[in-house]
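Q: Pasting a structure here, questions to come.
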Amino acid sequence: MSSQVDPSELALVFLHLPKTGGTTLHHHFSAHFTPEETCPERYSNLKSYSVDELRQWRFFSGHFNADEIRRIPRPLFVVTVLRDPIERLLSNYYFWKRHKADYIEENGKVALQITKAGTLLDFLQSYNPHIFTTTVNFMTSRLAGDVLATPDGYALIQDYEQIGWLSDAQLVNRALKNILSFDVIGDISQLADIYAKVAEVFGMTPLTEVARLNTKEDEHELMDQYTPEPITPEISSLLEEKTRLDQLVYELSREHWHRDSHRLDVGEGNNRDFTPLSREPGKRPVADWYASFGL
């Protein structure tokens, strides 16, 4: 989303999809910005802030969707991380499941309460809105914008009001268009590379290692230990069904950032002409390919 803009004018926007290593990157990104430069919103609620409020901040990091970040009235440098959809969904389930019952009750977390009391199969079969929206193609919906997965399809929302429905094709198209407009995308296994690219643009402190935070191995006073549940054929089928579009978007994104990484220097942001190299790794030039057919 950025163009040839002075980095001091750019706002860094980290679109944090839950359970993709975002806590780690948020920790390291935020060290570069003062509290006065940092938007306090960490959830999908940027629409509740005025344009003047949004203009004052240079760092935005939260569980946003791709539509609401366009409200920010500055040149944007947008970063997001994806993860294998089934791994992400299971990680989210166990994260919710591990919360202690006392914490859930004290804070009135209904979705966590339902998750805590049930099994993985119950979780995947739930029609509770707070659970359903996180289990059905969640990454694609957030990347597509202000979209909610419902039992009837994908509802497109604007200013808290439903304005229409999206087909699977429209949902995937919106998600991929947004991904292609972002400045840095990557996989959870690439956190160090992602940080390095952002750090070069914004003059952040280089790091020799980006240690993971908030992992399932971490002990926390609000969390119980957990025992993984067996993945039965029924559960496996549900996991595949509920992440069908996420799998497509994830694989296409992986292919895109693999190709893109061979064309761009670190830190170029969106100053891109997408001119391919004459020879990509493992690829013959197009002229050679045509010549092999005698053309």
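Simple scheme: letters A, B, ... for chains in structure tokens order, numbers from 1 for residues in each chain, numbers from 1 for ligands in the order shown.
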Identify, on the basis of only C-alpha atoms, every residue whose closest approach to segment 4-19 of chain A does not exceed 7 Å; exclude the query and any residue fewer than 4 positions from it along the same chain; express the result as a list in words.

A: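 My reading of the contact set: Arg58, Phe59, Phe60, Ser61, Gly62, His63, Phe64, Arg74, Pro75, Leu76, Phe77, Val78, Val79, Thr80, Val81, Arg88, Ser91, Asn92, Met139, Val201, Phe202 and Asn271 of chain A.
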
Q: Please provide the set of residues having any atom within 12 Å of Ser126 of chain A, restricted to only C-alpha atoms, with same-chain residues fewer than 6 positions apart removed, written as a tab-separated table (two decimals) with N, CA, C and O atoms, in the first residue's frame.

A:
chain	number	residue	atom	x	y	z
A	111	ALA	N	-17.92	-17.53	24.59
A	111	ALA	CA	-17.32	-18.44	23.62
A	111	ALA	C	-16.26	-19.33	24.27
A	111	ALA	O	-16.17	-20.53	23.96
A	114	ILE	N	-18.07	-22.02	26.38
A	114	ILE	CA	-18.57	-23.12	25.56
A	114	ILE	C	-17.42	-24.03	25.14
A	114	ILE	O	-17.52	-25.27	25.19
A	115	THR	N	-16.31	-23.41	24.73
A	115	THR	CA	-15.15	-24.19	24.30
A	115	THR	C	-14.59	-25.02	25.44
A	115	THR	O	-14.25	-26.19	25.26
A	118	GLY	N	-16.69	-28.17	26.25
A	118	GLY	CA	-16.92	-29.17	25.22
A	118	GLY	C	-15.65	-29.81	24.69
A	118	GLY	O	-14.57	-29.68	25.27
A	119	THR	N	-15.79	-30.47	23.58
A	119	THR	CA	-14.68	-31.14	22.91
A	119	THR	C	-14.34	-30.42	21.61
A	119	THR	O	-15.05	-29.49	21.20
A	120	LEU	N	-13.29	-30.87	20.96
A	120	LEU	CA	-12.93	-30.29	19.67
A	120	LEU	C	-14.05	-30.49	18.66
A	120	LEU	O	-14.36	-29.58	17.87
A	132	PHE	N	-18.42	-19.75	15.52
A	132	PHE	CA	-18.59	-20.07	14.10
A	132	PHE	C	-17.73	-19.17	13.22
A	132	PHE	O	-17.08	-19.64	12.29
A	133	THR	N	-17.70	-17.88	13.53
A	133	THR	CA	-16.95	-16.95	12.68
A	133	THR	C	-15.44	-17.20	12.75
A	133	THR	O	-14.71	-16.78	11.84
A	134	THR	N	-14.96	-17.86	13.80
A	134	THR	CA	-13.52	-18.14	13.90
A	134	THR	C	-13.14	-19.48	13.32
A	134	THR	O	-11.96	-19.77	13.16
A	135	THR	N	-14.15	-20.31	13.00
A	135	THR	CA	-13.84	-21.65	12.50
A	135	THR	C	-14.05	-21.79	11.00
A	135	THR	O	-13.53	-22.73	10.39
A	136	VAL	N	-14.80	-20.89	10.38
A	136	VAL	CA	-15.12	-21.02	8.95
A	136	VAL	C	-14.31	-20.02	8.14
A	136	VAL	O	-14.59	-18.82	8.14
A	150	THR	N	-21.41	-16.73	8.24
A	150	THR	CA	-22.64	-17.13	8.92
A	150	THR	C	-23.07	-18.48	8.33
A	150	THR	O	-22.58	-18.89	7.27
A	151	PRO	N	-24.02	-19.17	8.97
A	151	PRO	CA	-24.51	-20.42	8.38
A	151	PRO	C	-25.13	-20.22	7.00
A	151	PRO	O	-25.25	-21.19	6.24
A	238	LEU	N	-14.17	-32.29	9.05
A	238	LEU	CA	-14.67	-30.96	9.40
A	238	LEU	C	-13.57	-29.91	9.27
A	238	LEU	O	-13.82	-28.78	8.81
A	242	LYS	N	-14.05	-26.70	6.82
A	242	LYS	CA	-14.13	-25.36	7.37
A	242	LYS	C	-12.97	-24.47	6.95
A	242	LYS	O	-13.04	-23.25	7.12

Q: Using backbone DSSP assignments, extract all strand (DSSP E or B) residues from segment 3-179 of chain A; output them as a ChimeraX atom specification.

A: /A:11-15,38,59-62,76-82,99,147-150,153-158,161-166

Q: Give me the residues near segment 52-54 of chain A as a list in words, where near means some atom within 9 Å (using only C-alpha atoms) and where sequence neighbours in that chain fewer than 2 positions away do not count.

A: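 Within the cut-off, the hits are Cys39, Leu46, Tyr49, Ser50, Gln56, Trp57, Arg58, Arg71, Ile72, Pro73 and Arg74 of chain A.
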
Q: With a distance cut-off of 7 Å and only C-alpha atoms, select the neighbouring residues of Ala155 of chain A, excluding the residue or stretch itself and same-chain residues fewer than 6 positions from it, and output the selection as a PyMOL selection string.

A: chain A and resi 147-149+162+164-166

Q: Save the residues we just selected, N, CA and C atoms, as a compact mmCIF listing (two decimals), in the first residue's frame?

A:
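Saved result, again_1.txt, follows:
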# COMPACT_ATOMS: atom_id res chain seq x y z
N VAL A 147 -16.12 -8.80 6.84
CA VAL A 147 -16.95 -9.92 6.40
C VAL A 147 -17.16 -10.87 7.57
N LEU A 148 -18.38 -11.36 7.72
CA LEU A 148 -18.69 -12.34 8.75
C LEU A 148 -19.18 -13.61 8.09
N ALA A 149 -18.60 -14.75 8.51
CA ALA A 149 -19.11 -16.05 8.06
C ALA A 149 -20.33 -16.39 8.90
N GLN A 162 -25.29 -4.77 7.50
CA GLN A 162 -25.06 -5.69 6.40
C GLN A 162 -25.45 -5.03 5.09
N GLY A 164 -24.69 -6.79 1.98
CA GLY A 164 -24.79 -7.79 0.92
C GLY A 164 -24.15 -9.10 1.31
N TRP A 165 -24.15 -10.02 0.34
CA TRP A 165 -23.57 -11.33 0.53
C TRP A 165 -22.47 -11.54 -0.51
N LEU A 166 -21.48 -12.34 -0.14
CA LEU A 166 -20.38 -12.65 -1.05
C LEU A 166 -20.39 -14.14 -1.35
